Structures are given as C-alpha cells and as structure tokens.
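Before any comments, here is the structure.
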Number of protein chains: 2
Amino acid sequence: MPIYTPPLRDMQFVLHEVLGVSDEFKALPAHAEVDAQTIDAVLAAGGRFAAEVTFPLNTGGDAQGCQHNPSTHAVTTPTGFKQAYAQYVEGGWAALSCDPAYGGQGLPLVLNQCFYEMLNAANQAWTMYPGLSHGAYACLHAHGTPEQKKIYLPKLTSGAWTGTMCLTEAHCGTDLGLLRTKAEPQADGSYKITGSKIFISAGEHDMAGNIVHLVLARLPDAPAGSKGISLFVCPKFIVHADGSLGERNAIDCAGLEHKMGIHGNATAQIMLDGASGSLVGQPHKGLAAMFVMMNAARLGVGNQSLGLTEVAYQNALAYAKERLQMRSLAGPRARDLPADPIIVHPDVRRMLLTAKAYAEGGRALSSYCALLLDKEQQHPDEKVRQASSEMLALLTPIVKAFITDNGYEATTLCQQVFGGHGYIKESGMEQHVRDARINMIYEGTNTIQALDLLGRKVLGNNGATLKKFGQLLGQLAQEAGTNRSMAEFITPLVELGEQLTPLTTEIGLRGLQNPDEVGAAAVDYLRITGHLVFGYFFARMAQVALRQMAAGNADPFYPAKLQTARFYFARLFPETATLLHRVRAGSQTLMDTDLALA
Amino acid sequence: MPIYTPPLRDMQFVLHEVLGVSDEFKALPAHAEVDAQTIDAVLAAGGRFAAEVTFPLNTGGDAQGCQHNPSTHAVTTPTGFKQAYAQYVEGGWAALSCDPAYGGQGLPLVLNQCFYEMLNAANQAWTMYPGLSHGAYACLHAHGTPEQKKIYLPKLTSGAWTGTMCLTEAHCGTDLGLLRTKAEPQADGSYKITGSKIFISAGEHDMAGNIVHLVLARLPDAPAGSKGISLFVCPKFIVHADGSLGERNAIDCAGLEHKMGIHGNATAQIMLDGASGSLVGQPHKGLAAMFVMMNAARLGVGNQSLGLTEVAYQNALAYAKERLQMRSLAGPRARDLPADPIIVHPDVRRMLLTAKAYAEGGRALSSYCALLLDKEQQHPDEKVRQASSEMLALLTPIVKAFITDNGYEATTLCQQVFGGHGYIKESGMEQHVRDARINMIYEGTNTIQALDLLGRKVLGNNGATLKKFGQLLGQLAQEAGTNRSMAEFITPLVELGEQLTPLTTEIGLRGLQNPDEVGAAAVDYLRITGHLVFGYFFARMAQVALRQMAAGNADPFYPAKLQTARFYFARLFPETATLLHRVRAGSQTLMDTDLALA
C-alpha cells in the first residue's frame with residue numbers, strides 16, 4: 001500500500017528558517033498579517049486534505065482513467081474524483097491565494113505553492129483539474145476586461161468552474177506561430193471560433209459546472225506567424241451578463257488521448273465549431289497574454305515533479321527499511337533477522353538520498369520562486385517588484401526543466417529500490433515514473449526551457465540577472481567568512497560560479513558567429529545553473545542547520561539536513577564536471593552529423 | 001505507425017569489418033565453414049522474420065496483454081503471438097545456434113545474438129518466450145543427465161517446448177539464499193516440489209506443447225542459505241521416458257502480474273504443489289548450475305535494451321526529419337515549408353545521436369561478447385577457451401547494466417524527440433521506455449551487476465582480467481601510432497585507462513578496511529568501465545572507417561561512423577569526469593546518513 005505523509009516539518013524549515021517568509025510578508029501590505037502560525041495551520045490542513053482525500057484516489061484513478069462518451073462528448077472522471085473536487089471547493093481551497101476582490105482568501109502564493117506540492121504528491125492527475133484553473137484565473141486577472149473579470153473570476157476563485165489552456169494543435173506545439181484556429185468577429189463584439197486543439201489537459205470533465213477555455217486563435221486580419229495570435233475566453237456553457245449559465249457552446253471534446261501516465265486527467269481533443277468567445281487583451285497579442293498563464297504553469301510543472309519526487313522517496317525509504325535481503329558488506333547488522341534491511345547497502349542509500357536531495361533542493365527553489373511571485377505582485381516598491389520579476393524570469397525555466405529532469409531520475413531510482421516489485425503496478429512506484437515523464441514535455445519541453453534560459457534570460461540581458469544571482473552567492477560566501485564548517489559547501493559553489501561567468505561569455509561570443517552554438521550548449525548549461533542554484537540553497541540550509549547546532553539545539557533534524565547537503569555536494573553537484581565538458585564541446589560534433597543521421 | 005528496419009549493414013560492419021568473425025571462425029572446427037555470405041543471408045532472413053512477423057504484433061500485444069483464467073490456470077497470449085511462434089518454430093529459428101547432436105543447426109552464437117537483437121527491437125515481450133528457452137537449453141546442455149538431455153534438448157532445440165527459470169519467491173529475489181521451496185526425494189529417484197515462485201517470465205502460455213521449468217528448491221537435508229539450493233527440471237506436462245507427454249504436473253499459474261511494460265509476456269506466479277521433478281546437477285549446487293543460465297540471460301537482457309535503443313532511434317530519426325516546427329536558430333533551412341524539420345536543432349541531434357551511439361557501442365560490445373562465447377565453447381585450445389571465458393565474465397555485468405541503463409536513457413530521449421506526441425500510446429515511443437525499464441531490474445539489478453563487476457570480476461582477481469582488457473587498448477594505441485586522425489579517440493581512452501588502474505587499487509585498499517567502500521563505488525565504477533569498453537570499440541570502428549576512407553572508399557557509411565564516434569567522445573564519454581569524482585567521494589557521505597534517512 002503506497003503511503004504519503006505531508007512533509008510539513010520540511011516545509012516549515014524552508015519557509016520559516018531558510019526564507020523567513022513572515023518577515024518578508026511584513027513588507028507586503030496584503031500579507032503583513034500572515035504569521036508563522038497561520039502558515040503552519042493552513043499547511044497542516046492542506047496536507048490532511050491531500051493525504052486523506054486525493055491520495056487514496058491516485059492508484060485507482062490511474063487504473064480506471066477517464067471515459068469519453070462519443071455520442072454526448074461527455075467525459076467521466078475516475079471514481080471519487082468528482083466528490084474530492086466538491087470537498088476541495090467546499091473547503092475553500094480553490095480560493096486560497098486568490099484576490100479577495102473576487103472572493104479569494106488573499107493568502108500568499110508561496111502557501112499555495114506548498115499546498116500544491118502536497119496535492120501533486122498525492123495525485124498529480126487529479127490536481128491538474130484545479131491546477132489549470134489557477135492559470136486561467138491569473139491570465140484573466142491580468143488581461144481580462146472588467147466584464148470578463150466580473151463573470152469569470154469569482155467562479156474560478158470559488159472553484160465552481162475550472163479553466164483550461166487551449167494552445168496546441170496537431171501540427172503545432174512548440175511552434176504556436178503555425179496555429180490555424182480562426183476567430184471571426186461578430187456584430188455584437190463577440191467572436192466565433194473554429195478549429196481543433198489537442199492535448200488539452202482537464203479539457204472536459206464532470207467535476208465543475210462550467211469550463212472556462214482560454215483559446216489561442218487567429219483573427220481574419222492577423223499577420224502570419226506568432227505575431228498574429230489572439231487570445232479568447234470561450235466557456236463550455238455560454239455565460240449571460242448576469243452570470244447565469246446559458247446554452248451549451250459549440251466547443252466539444254472529440255476524444256481523449258491514451259497516455260503513458262496521468263490517466264486520471266482528461267487530455268482532450270477539443271473541436272471548436274463556431275464556438276462563441278470574447279477577446280482577452282489586445283488583438284494579435286495573445287501569446288503575450290497567454291504567457292502569464294504559461295509562466296505560472298511552468299512553475300506548476302516543476303512543483304508536480306517536486307511532489308512526485310517526495311512521495312516516491314517516502315515509499316522507497318519505507319520499503320528499504322522493511323525489505324530484508326542480503327547482508328551488509330561490512331558484516332550483518334540485523335543478526336536476529338534472516339537478512340538485513342536493504343537500507344544497509346551503500347547503493348540503496350545513494351538512490352534514496354538522490355531523491356531526498358532533489359526533493360529538498362526543489363522545495364527550497366520552488367518556495368523561493370513563489371515568494372518572488374508574491375513580491376512581484378504585492379511589494380509596494382516598484383524596484384523590488386521589478387527585481388523580483390527579473391529573478392523569477394531567470395529561475396522559471398530552471399524550476400521547470402531541472403526539477404522535472406531530476407524528478408524523472410528520482411522516481412526511477414525509487415522504483416529501482418523496490419527491485420522487481422517496483423515494476424509491478426501494485427507497488428505504486430511505476431505510476432510515479434509514468435506520471436513524472438510528462439513533466440519534462442508539456443508547458444514547453446525541457447529543451448525549450450533551456451533555450452529560454454540561455455538565449456533569452458541570460459544572453460538576452462548580457463547576464464545581468466545571472467550576475468544578481470551571483471551576488472546572492474557572494475553574500476552567502478561573505479556571511480560564511482572563514483567558518484570552516486561552511487567551506488565544504490561554499491568552496492565548490494564559488495568555484496562553479498567563477499567558471500560560469502567566462503563560460504557564458506564564451507558561449508555568447510560563439511553564438512554571435514553561429515547561433516547553433518547556443519542551441520548546442522543550452523541543455524547542459526541549464527543543468528549547470530540548476531546545480532548552482534540548488535547548491536546555493538543547500539548551502540543556505542546547511543548554514544541554518546549549523547547555526548542551530550552551534551546554539552546547542554539537539555533536534556536531529558539539523559544534522560540530518562547537513563548529511564543531505566554533504567551527500568548533494570559529494571555525489572550530485574559533481575555532475576557539473578561533465579556538463580562543463582559538454583558545453584565546451586561546442587556545436588560541431590552535433591551539427592556535422594548529416595551522414596550519421598542520414 | 002511505428003517502423004523498424006533491421007540494421008543489417010551495421011551488423012555486417014561489426015561482424016565482418018570490426019570483429020572479423022569469419023576469420024575467427026576458421027579457428028573453431030564447429031564453425032570453420034561459416035563464411036560472410038552465410039552470415040549475411042541468415043541475418044537478412046532473420047531480420048525479415050522480426051520486421052514482418054513479430055514487429056507488427058508489438059503495440060497490440062502491449063495494449064492487449066496476457067489473460068489468465070483462474071479456473072483452468074491457463075494463460076492466453078495476445079492475438080497473433082501463438083501463430084508467430086509457430087512460424088518461428090517452423091522456420092527453424094529456435095535451432096539456429098543449438099547443438100546438432102539435438103537437432104540444432106550449430107551456427108555460431110554471435111549470429112543468434114544479432115538475430116535476437118532484431119527480435120528484441122521488434123517485440124521484446126514476444127521474444128522473451130523463445131529467449132527463456134535458450135537459457136533452459138544451455139543449462140540442461142551443461143548440467144543435465146544424459147536422460148534429461150535426451151528428453152528435453154531436442155524439444156527445446158526445435159522450439160516445440162519452451163523453458164523458464166523459476167528462482168524468485170515473494171520474499172527473495174537478489175537473496176536466493178532465503179528461498180523456501182522444498183523438494184522431497186521419492187522412491188523412484190524423482191522429487192516432489194512444493195512452494196511458490198513469482199516473477200516467472202513466460203511462466204505459462206498457450207504457445208508451446210510443454211513448458212520446461214527449471215526450479216530452485218531445497219532438499220530436506222539442505223544446509224541453510226545459498227549453499228543449500230538445488231536445481232530441478234519440472235515440466236508442465238510429465239514426460240515419459242519415450243518422450244511422450246503424460247499427465248499434467250502439479251505446477252500451476254496462480255496469476256499474472258500487472259506490470260509497467262512487457263505486457264505481452266506472461267509474468268506468472270507459479271504454485272508447485274508436490275510437482276514432480278528431477279534433479280539437475282549435484283545436490284545443493286543448484287545456484288552454480290543456474291548461473292550458466294543466468295550469465296546467458298544477462299547477456300540477453302543487454303541485448304533486449306540494444307534492440308529497444310535501435311528501434312526507438314529509428315522512429316525518432318524518422319519523426320525528426322518529417323516534423324516541422326520552428327526555424328533553425330542559424331536561419332531557415334526549408335524555406336518553402338512553413339517551418340524547418342526539427343532535426344535542424346542541435347539538441348534534437350544530441351538526443352538522436354545519443355541513442356545512435358548507444359546502439360552502435362552496444363552492438364559492438366554485445367557481438368564481441370557473443371564471439372567470446374563461441375570461442376569459450378568451441379575453440380580447440382584450452383587456453384583460448386579459458387581466456388575467452390574470463391574476458392566474458394568481466395564484460396557480462398557491463399553488457400547487462402551499462403547497455404540497459406543507456407537503453408532507458410536512449411528510449412526516454414527518443415520519446416522526448418516526439419514532444420507531446422511521444423507521451424501518447426499511438427506513437428509507440430512510450431512503450432519502448434516502459435519495456436526498457438525492466439531490463440535494469442531483472443536478472444540481477446544493475447546494482448548487483450556493479451557489485452559483481454567490481455567485487456568479483458575486478459578486485460576478486462586483483463584486476464588480472466581488467467589488465468588483459470587494458471592490453472587490448474594498448475595494442476590499439478600501438479596500431480594507431482602517430483596517426484593523427486586516431487589521436488582524438490586514442491588520447492581520451494588512454495588517459496582514462498591510466499586513471500583506472502590507480503583508482504581500482506585505491507578502492508581495493510579502502511575496501512580492505514571497509515567493504516562498504518566497494519559498495520559505494522561499484523555503480524559509478526561500472527559506468528566508467530562501460531565507457532572504457534565502448535570507447536575502445538568506437539576507436540576500433542573509427543579505425544576501420546579511417547582506413548576505408550584512406551583507401552579511397554567513397555561509401556558515406558564510413559564518414560558517418562566517424563561522426564558518431566566523434567559525437568560519442570565529445571558528449572557521452574566525458575560522463576567519466578563526474579563518475580571519477582563520485583567514486584573518489586567514498587562511502588562516508590552515503591553511510592553517515594542515518595539521521596537523514598530516519
């Protein structure tokens with residue numbers, strides 16, 4: 001039987017002891033009253049919801065999947081999903097970090113981030129239904145007309161309705177400039193939208209009263225390519241001006257995809273046949289408007305893999321403690337048992353600690369990013385908002401790609417701890433791998449994230465934001481000073497930081513001659529920065545732990561954090577040695593391969 | 001629609017141009033007449049069988065799986081599997097490399113290896129039914145009594161019957177010393193076997209007239225642990241002395257496992273309720289006898305992932321050439337199309353070339369090992385047989401673990417090339433990943449392989465066999481001499497070789513103080529040796545290509561080989577930089593983690 005215990009103590013450590021969020025909140029008028037007690041109470045309740053309501057539905061949802069009725073176009077979600085969603089709405093969870101102006105509770109986004117980590121760990125497929133709504137909410141909140149906001153935001157806030165992102169078409173995923181769906185202006189100011197979309201997560205289901213589709217389409221006068229794309233809101237049921245539901249809109253689910261994982265989520269083929277919609281934002285500026293949603297979604301995808309990493313780790317750890325097999329190489333440990341628990345074996349520990357370190361690094365980074373989001377939205381000082389926004393833009397592709405690549409590795413390793421039993425569905429371990437696999441693909445493949453990071457976020461501003469991150473490192477190094485206990489963490493970090501600057505310049509210069517040099521370096525470069533960022537947070541976590549231990553705190557939690565940080569720097573951070581080799585290898589051995597790839 | 005083209009030219013390159021197998025065969029009386037023409041003809045016919053008969057059943061077999069009837073204990077394989085097996089038997093494929101004394105064709109094992117690569121690429125789940133038979137055949141051929149050989153070997157040779165390995169029980173996989181199945185001697189010299197086994201691949205099915213189970217069990221007087229295990233042959237239907245089938249034996253399939261992949265193969269729970277069997281080999285020496293089967297199976301598992309790597313690569317390459325998305329960063333290539341094919345992007349090439357290089361390196365190594373097997377069995381000179389056996393023992397865990405780890409990475413990358421479409425079952429790509437996943441687990445997890453390599457095969461003989469492999473490297477370096485074209489391959493190889501000797505000594509010394517040092521180093525050590533071995537074969541392949549080009553051969557096949565070798569050394573071989581860091585990190589950061597893993 002799979003298990004899941006919300007990692008509340010670890011979250012509290014990151015939020016209170018590492019990031020000091022309550023102090024940060026004091027500078028944000030909207031959240032100035034949010035203290036540690038409130039945060040802990042919300043997380044505890046959120047953890048209970050995840051562990052008790054959605055987690056028990058996870059393996060059943062995978063086995064059962066969603067059913068599509070070709071006659072009615074209706075989709076039935078797995079047993080229990082609808083009831084769990086009703087509990088979610090009733091508990092006010094949808095409204096947690098939404099704007100009070102639309103009925104939200106107005107709590108910080110970093111709280112919602114931690115709540116969603118637990119939801120994702122418990123049941124990623126279920127969590128995608130409410131998760132997509134957050135993106136639609138954020139997009140309409142930023143770009144909707146007053147009337148759109150009035151109609152849609154209260155319903156999305158309460159969770160009465162859910163949302164989707166309708167971007168992809170069969171011939172275009174990454175390259176949205178190729179999309180063909182058309183929007184015809186009508187006399188009443190509305191639009192009739194016609195086309196077909198695929199891969200629409202939570203695109204049709206039986207859990208909510210209405211579905212708010214945000215659809216990319218072309219206006220008749222649209223320029224070709226990505227500069228001719230507009231965004232429309234297109235509800236499943238037409239909504240009257242008074243908010244009441246009208247007739248069924250001409251937007252239907254033509255079928256569901258058969259996928260490797262996330263079976264409990266309906267991945268819909270959506271047909272629009274003159275569906276009625278209204279324009280969101282400016283004509284032809286749809287991609288920019290949609291990016292509000294996409295950036296949030298990218299952080300959300302990183303959070304999905306964070307959750308899966310944690311739950312896979314917890315199960316593998318429990319199994320490693322109870323499964324008896326072979327004796328420790330260093331001599332029997334459990335002499336009264338027929339064999340030792342497999343946790344005595346160094347390589348089993350390597351697999352477990354890899355998952356644990358990836359979970360802890362991912363949690364620190366994701367929480368930091370969510371806090372940046374709170375500051376970007378709520379800080380009274382424009383400069384702080386701007387700086388937060390820039391740092392978040394730099395870190396978003398790292399959250400998306402680094403955490404999801406790590407999550408696939410971690411869930412695979414945790415499955416491996418189970419041996420043959422991990423390959424059997426009943427253990428629950430192989431589902432984590434299958435679910436985690438999509439996170440490297442959707443919301444922009446991890447290659448796209450790497451190009452975004454290196455091309456746009458780093459070279460695009462001459463490394464200015466990266467240098468600001470470097471200043472954080474410098475500050476930490478200064479704080480550590482001559483503290484020898486911190487040297488094992490600070491030294492490799494500083495060394496890597498010192499290599500990164502000339503490396504970046506070198507790629508930039510080579511890229512001026514040949515843009516493929518950037519494309520060839522991007523994926524490895526992202527993983528280097530990922531380790532730089534994780535390393536920074538591991539060093540900060542170690543700093544907190546060392547301070548507590550120096551102050552006489554005997555809680556074993558702190559030396560445990562140190563052990564994980566040491567493992568990380570000894571075994572995972574050194575991946576950078578190979579990554580640096582690869583980046584320096586340049587594009588030639590990739591591009592001069594026409595004969596090999598003939 | 002998934003595609004598969006047997007890689008005949010690549011196989012011919014390895015067999016004839018790199019390994020020169022026909023010349024090697026001249027020294028083996030049994031195979032002295034096997035020339036290149038015969039080999040090519042057999043491979044072409046074998047490739048047709050794989051591509052035309054079993055490949056079309058692959059995705060259907062995955063979707064349908066096997067059905068177990070709880071009343072009759074019968075298992076029905078997916079539609080078409082039985083008919084394909086009948087064709088396999090009729091075509092004489094089962095007998096390809098079996099002993100003519102039992103009706104075999106007596107062709108070299110290296111041919112069978114190449115044939116099985118194609119079968120695995122086409123349909124791993126199907127291939128496991130005949131594949132397991134080869135292990136049972138080899139085990140009985142080596143350890144069976146004359147009567148057992150007479151009864152079973154002709155039927156296993158023709159394929160009329162199939163075989164299994166019944167080792168694992170619910171509480172013991174790796175640690176067979178814990179097994180509980182009992183064998184009671186009977187007055188007539190037979191045994192009644194009682195117990196339950198799990199994870200028995202091809203354990204029950206409807207494809208053959210009988211199933212020859214090789215079962216590990218304990219005799220009443222057996223010492224505890226792994227020294228008290230005996231091996232029995234226990235057929236599904238009792239076989240009379242004249243070879244005719246008798247009554248149904250008390251060995252039944254109690255159920256099938258629900259697995260992540262290889263759905264078309266029946267993974268059976270086997271109940272033995274006083275089943276009649278006969279002893280194979282000496283009492284209490286069952287593990288040693290079973291190891292004949294296990295070593296062959298380990299090579300076979302590497303071959304499974306080699307096949308999956310090749311088929312995944314072929315499909316990803318085809319998709320990358322036809323899928324239009326975005327423009328080349330270096331400027332549009334296909335100006336008359338709405339976008340460029342994604343193969344123009346450096347990172348798509350990285351993914352494709354990684355799979356290609358892993359396939360080509362794996363093919364060279366696997367073929368080399370199969371040739372060693374032929375020499376071990378057929379060479380007239382005892383010293384050559386012994387040397388072949390030792391080298392094979394060294395390389396077997398590398399074949400099993402390195403090729404299967406690479407295969408999982410490669411199939412995952414090839415799936416990634418498809419973007420969202422790779423996550424959908426219809427593309428066929430996610431099945432390769434799910435199928436490839438088991439290969440890292442069964443026949444000894446990859447951690448067990450690493451411990452076998454470092455503990456037994458390297459440190460166990462003070463590095464003697466590893467040094468012999470080093471001599472092959474030295475010989476190649478000498479042949480390359482001052483040839484500048486070879487330097488890019490030879491230099492990194494020699495550098496790694498020079499680091500490996502002191503590293504091995506260092507681990508050995510540390511391991512004397514603390515055996516966990518060996519356990520902590522083993523997995524990374526195996527990957528280092530894997531790259532050394534792959535690097536060696538890539539250098540040899542480059543050597544052949546360079547010689548052909550220098551001789552004026554204009555076939556683009558040769559520069560293509562060079563391009564792949566260059567990619568391998570630029571992008572994959574440098575993984576050793578990180579692996580060396582990790583091995584040197586020692587066991588402390590793994591073992592001093594009791595608090596972190598509390």
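In the structure tokens, chains take letters A, B, ... by order of appearance, with residues numbered from 1 within each chain and ligands from 1 in the order shown.
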request  = Quick one: everything within 10 Å of Thr5 (chain B), counting only C-alpha atoms, minus sequence neighbours fewer than 3 positions away in the same chain. Send it as a ChimeraX atom specification.
outcome  = /B:8,47-48,50-52,118,121-122,310-311,314-315
request  = Please provide as a VMD selection string all residues within 12 Å of Leu256 (chain A), with the sequence filter that same-chain residues fewer than 5 positions apart are discarded (counting only C-alpha atoms).
outcome  = (chain A and resid 65 to 70 73 to 77 197 to 205 263 to 271) or (chain B and resid 424 to 425)
request  = Could you please write out, as JSON, numbers by chain, every residue of region 68-267 of chain B that DSSP assigns to strand (DSSP E or B)?
outcome  = {"B": [68, 75, 76, 161, 162, 163, 164, 165, 166, 169, 172, 182, 183, 184, 185, 191, 192, 193, 194, 195, 196, 197, 198, 199, 200, 201, 210, 211, 212, 213, 214, 215, 216, 217, 218, 229, 230, 231, 232, 233, 234, 235, 237, 238, 239, 245, 246, 247, 248, 251, 252, 253, 254, 255, 256, 259, 267]}
query = What separation in Å, quoted to one decimal, exists between CA of Arg248 (chain B) and CA of Ser276 (chain B)?
reply =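 Answer for the CA of Arg248 (chain B) to CA of Ser276 (chain B) separation: 10.0 Å.
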ask   = How many Å lie between CA of Asp252 (chain A) and CA of Met429 (chain B), rounded to one decimal?
value =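 These two atoms are separated by 28.1 Å.
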key: Atomic separation - CA of Ala560 (chain A) relative to CA of Asp516 (chain B), Å   =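 Those two atoms sit 20.6 Å apart.
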query = For chain B, which residue among A:Gln548, A:Gln83, A:Ser328, A:Asn462 is the nearest when counting only C-alpha atoms?
reply =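 The answer is A:Ser328, which sits nearest to chain B.
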request  = Identify which of the residues A:Pro574, A:Gly455, A:Gly460, A:Pro2 lies closest to Val518 (chain A), counting only C-alpha atoms when measuring atom-to-atom distances.
outcome  =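 The shortest atom-to-atom distance to Val518 (chain A) comes from A:Gly455.
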ask   = Given the choices B:Gln378, B:Gln588, B:Thr529, B:Thr578, which gets closest to Phe469 (chain B) if the distance is worked out from only C-alpha atoms?
value =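 The closest residue to Phe469 (chain B) is B:Thr529.
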query = Could you name the residues that touch Thr38 (chain A) at 12 Å or less, counting only C-alpha atoms, but leaving out those on the same chain fewer than 3 positions away, as a list in words?
reply =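 These residues fall inside the cut-off: Gln12, His16, Val21, Ser22, His31, Ala32, Glu33, Val34, Asp35, Ala41, Val42, Leu43, Ala44, Ala45, Leu107, Pro108 and Leu111 of chain A.
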Distance query region 209-216 of chain A at most 7 Å, only C-alpha atoms, self and fewer than 2 positions along chain excluded, as a list in words = Ala136, Ala160, Trp161, Thr162, Gly163, Thr164, Met165, Cys166, Leu167, Ile229, Ser230, Leu231, Phe232, Val233, Cys234, Pro235, Lys236, Phe237 and Gly286 of chain A
Could I get the residues of region 313-384 of chain B with an atom no further than 12 Å from an atom of region 590-596 of chain A, each paired with its nearest atom pair and that distance in Å to one decimal, using only C-alpha atoms, sorted by chain and residue number, as a Markdown table?
| residue | atom | partner | partner_atom | distance |
| --- | --- | --- | --- | --- |
| B:Leu317 | CA | A:Ala596 | CA | 10.7 |
| B:Lys321 | CA | A:Asp594 | CA | 11.4 |
| B:Ser328 | CA | A:Met591 | CA | 11.5 |
| B:Ala330 | CA | A:Met591 | CA | 11.2 |
| B:Ile343 | CA | A:Asp594 | CA | 9.7 |
| B:Val344 | CA | A:Met591 | CA | 8.1 |
| B:His345 | CA | A:Met591 | CA | 8.5 |
| B:Pro346 | CA | A:Leu590 | CA | 6.0 |
| B:Asp347 | CA | A:Leu590 | CA | 8.1 |
| B:Val348 | CA | A:Leu590 | CA | 9.2 |
| B:Arg349 | CA | A:Leu590 | CA | 6.0 |
| B:Arg350 | CA | A:Leu590 | CA | 6.2 |
| B:Met351 | CA | A:Leu590 | CA | 9.7 |
| B:Leu352 | CA | A:Leu590 | CA | 9.7 |
| B:Leu353 | CA | A:Leu590 | CA | 7.8 |
| B:Thr354 | CA | A:Leu590 | CA | 10.1 |
| B:Ala355 | CA | A:Ala596 | CA | 11.9 |
| B:Lys356 | CA | A:Ala596 | CA | 8.7 |
| B:Ala357 | CA | A:Ala596 | CA | 9.9 |
| B:Glu360 | CA | A:Ala596 | CA | 11.4 |
message = If we count only C-alpha atoms and set the cut-off at 9 Å, which residues sit around Ile438 (chain A), ignoring sequence neighbours fewer than 2 positions away in its own chain? Please answer as a ChimeraX atom specification.
response = /A:260-262,404,434-436,440-442 /B:420,423
Expected file contents, prior selection, N, CA and C atoms, as a PDB file, in the first residue's frame:
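And here's again-v2.pdb as it stands now:
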ATOM      1  N   MET A 260       0.814   7.610 -21.526  1.00  0.00           N
ATOM      2  CA  MET A 260       1.710   6.813 -20.697  1.00  0.00           C
ATOM      3  C   MET A 260       1.316   6.909 -19.218  1.00  0.00           C
ATOM      4  N   GLY A 261       0.893   8.085 -18.799  1.00  0.00           N
ATOM      5  CA  GLY A 261       0.540   8.292 -17.393  1.00  0.00           C
ATOM      6  C   GLY A 261      -0.526   9.367 -17.242  1.00  0.00           C
ATOM      7  N   ILE A 262      -0.585   9.960 -16.041  1.00  0.00           N
ATOM      8  CA  ILE A 262      -1.658  10.911 -15.673  1.00  0.00           C
ATOM      9  C   ILE A 262      -2.989  10.479 -16.297  1.00  0.00           C
ATOM     10  N   THR A 404      12.057  18.813 -13.131  1.00  0.00           N
ATOM     11  CA  THR A 404      11.356  17.688 -13.777  1.00  0.00           C
ATOM     12  C   THR A 404      12.336  16.626 -14.277  1.00  0.00           C
ATOM     13  N   ARG A 434       5.750   7.062 -14.665  1.00  0.00           N
ATOM     14  CA  ARG A 434       4.933   7.401 -15.842  1.00  0.00           C
ATOM     15  C   ARG A 434       4.326   8.793 -15.724  1.00  0.00           C
ATOM     16  N   ASP A 435       3.881   9.139 -14.520  1.00  0.00           N
ATOM     17  CA  ASP A 435       3.323  10.485 -14.331  1.00  0.00           C
ATOM     18  C   ASP A 435       4.422  11.547 -14.481  1.00  0.00           C
ATOM     19  N   ALA A 436       5.582  11.271 -13.889  1.00  0.00           N
ATOM     20  CA  ALA A 436       6.673  12.255 -13.914  1.00  0.00           C
ATOM     21  C   ALA A 436       7.172  12.513 -15.335  1.00  0.00           C
ATOM     22  N   MET A 440       8.497  16.577 -18.192  1.00  0.00           N
ATOM     23  CA  MET A 440       9.648  17.009 -18.996  1.00  0.00           C
ATOM     24  C   MET A 440       9.216  17.475 -20.383  1.00  0.00           C
ATOM     25  N   ILE A 441       7.953  17.241 -20.704  1.00  0.00           N
ATOM     26  CA  ILE A 441       7.477  17.535 -22.055  1.00  0.00           C
ATOM     27  C   ILE A 441       6.554  18.749 -22.098  1.00  0.00           C
ATOM     28  N   TYR A 442       5.516  18.722 -21.274  1.00  0.00           N
ATOM     29  CA  TYR A 442       4.490  19.769 -21.503  1.00  0.00           C
ATOM     30  C   TYR A 442       4.852  21.136 -20.911  1.00  0.00           C
TER      31      TYR A 442
ATOM     32  N   GLY B 420       5.025  16.136 -27.133  1.00  0.00           N
ATOM     33  CA  GLY B 420       3.794  15.597 -26.549  1.00  0.00           C
ATOM     34  C   GLY B 420       3.327  14.321 -27.218  1.00  0.00           C
ATOM     35  N   TYR B 423       4.258  11.033 -25.672  1.00  0.00           N
ATOM     36  CA  TYR B 423       3.595  10.600 -24.435  1.00  0.00           C
ATOM     37  C   TYR B 423       2.320   9.808 -24.733  1.00  0.00           C
TER      38      TYR B 423
END
ask   = Out of A:Glu147, A:Glu117, A:Asp336, A:Glu409, which residue has the shortest atom-to-atom distance to Gln304 (chain A) when counting only C-alpha atoms?
value =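 With only C-alpha atoms as the atom set, the closest residue is A:Glu117.
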inquiry  = Between B:Arg566, B:Lys155, B:His284, B:Arg540, which residue has the minimum interatomic distance to chain A, considering only C-alpha atoms?
reply    =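 Answer, going by the shortest atom-to-atom distance: B:Arg566.
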key: Exercise: Val399 (chain B) partners within 12 Å, only C-alpha atoms, chain neighbours under 5 positions left out, as a ChimeraX atom specification   = /B:295-306,358,361-370,392-394,404-407,439-440,446,449-450,453,526-527,529-531,533-534
Would you write out those residues with C-alpha atoms, as a short mmCIF file (atom, residue, chain, number, x, y, z; two decimals), in the first residue's frame?
data_model
loop_
_atom_site.label_atom_id
_atom_site.label_comp_id
_atom_site.auth_asym_id
_atom_site.auth_seq_id
_atom_site.Cartn_x
_atom_site.Cartn_y
_atom_site.Cartn_z
CA ASN B 295 25.00 -15.47 -17.41
CA ALA B 296 23.41 -16.16 -20.77
CA ALA B 297 20.31 -14.34 -19.58
CA ARG B 298 22.34 -11.32 -18.53
CA LEU B 299 23.85 -11.03 -21.98
CA GLY B 300 20.33 -11.50 -23.31
CA VAL B 301 18.99 -8.64 -21.22
CA GLY B 302 21.66 -6.29 -22.53
CA ASN B 303 20.59 -7.40 -25.99
CA GLN B 304 16.97 -6.53 -25.19
CA SER B 305 17.92 -2.94 -24.47
CA LEU B 306 20.17 -2.83 -27.51
CA TYR B 358 24.50 3.79 -27.51
CA GLY B 361 28.56 0.85 -28.98
CA GLY B 362 26.19 -1.73 -27.54
CA ARG B 363 26.13 -3.71 -30.77
CA ALA B 364 29.92 -3.85 -30.98
CA LEU B 365 30.28 -4.91 -27.35
CA SER B 366 27.46 -7.47 -27.44
CA SER B 367 28.72 -9.04 -30.63
CA TYR B 368 32.22 -9.19 -29.22
CA CYS B 369 30.85 -10.98 -26.14
CA ALA B 370 28.86 -13.44 -28.22
CA LEU B 392 33.35 -12.74 -20.93
CA ALA B 393 32.92 -12.91 -17.16
CA LEU B 394 34.37 -9.42 -16.88
CA THR B 404 20.29 -1.32 -20.09
CA ASP B 405 20.93 1.97 -18.28
CA ASN B 406 21.86 3.50 -21.62
CA GLY B 407 18.79 1.93 -23.20
CA ASN B 439 15.91 -4.56 -18.15
CA MET B 440 17.61 -2.53 -15.40
CA ASN B 446 22.11 -3.15 -12.13
CA GLN B 449 25.86 -6.26 -11.70
CA ALA B 450 28.09 -3.46 -10.47
CA LEU B 453 31.97 -6.46 -11.66
CA LEU B 526 30.78 0.05 -13.75
CA ARG B 527 29.83 3.09 -15.84
CA THR B 529 34.47 0.72 -17.36
CA GLY B 530 31.43 0.82 -19.63
CA HIS B 531 32.75 3.98 -21.25
CA VAL B 533 34.86 -0.51 -23.30
CA PHE B 534 32.51 1.48 -25.54
#
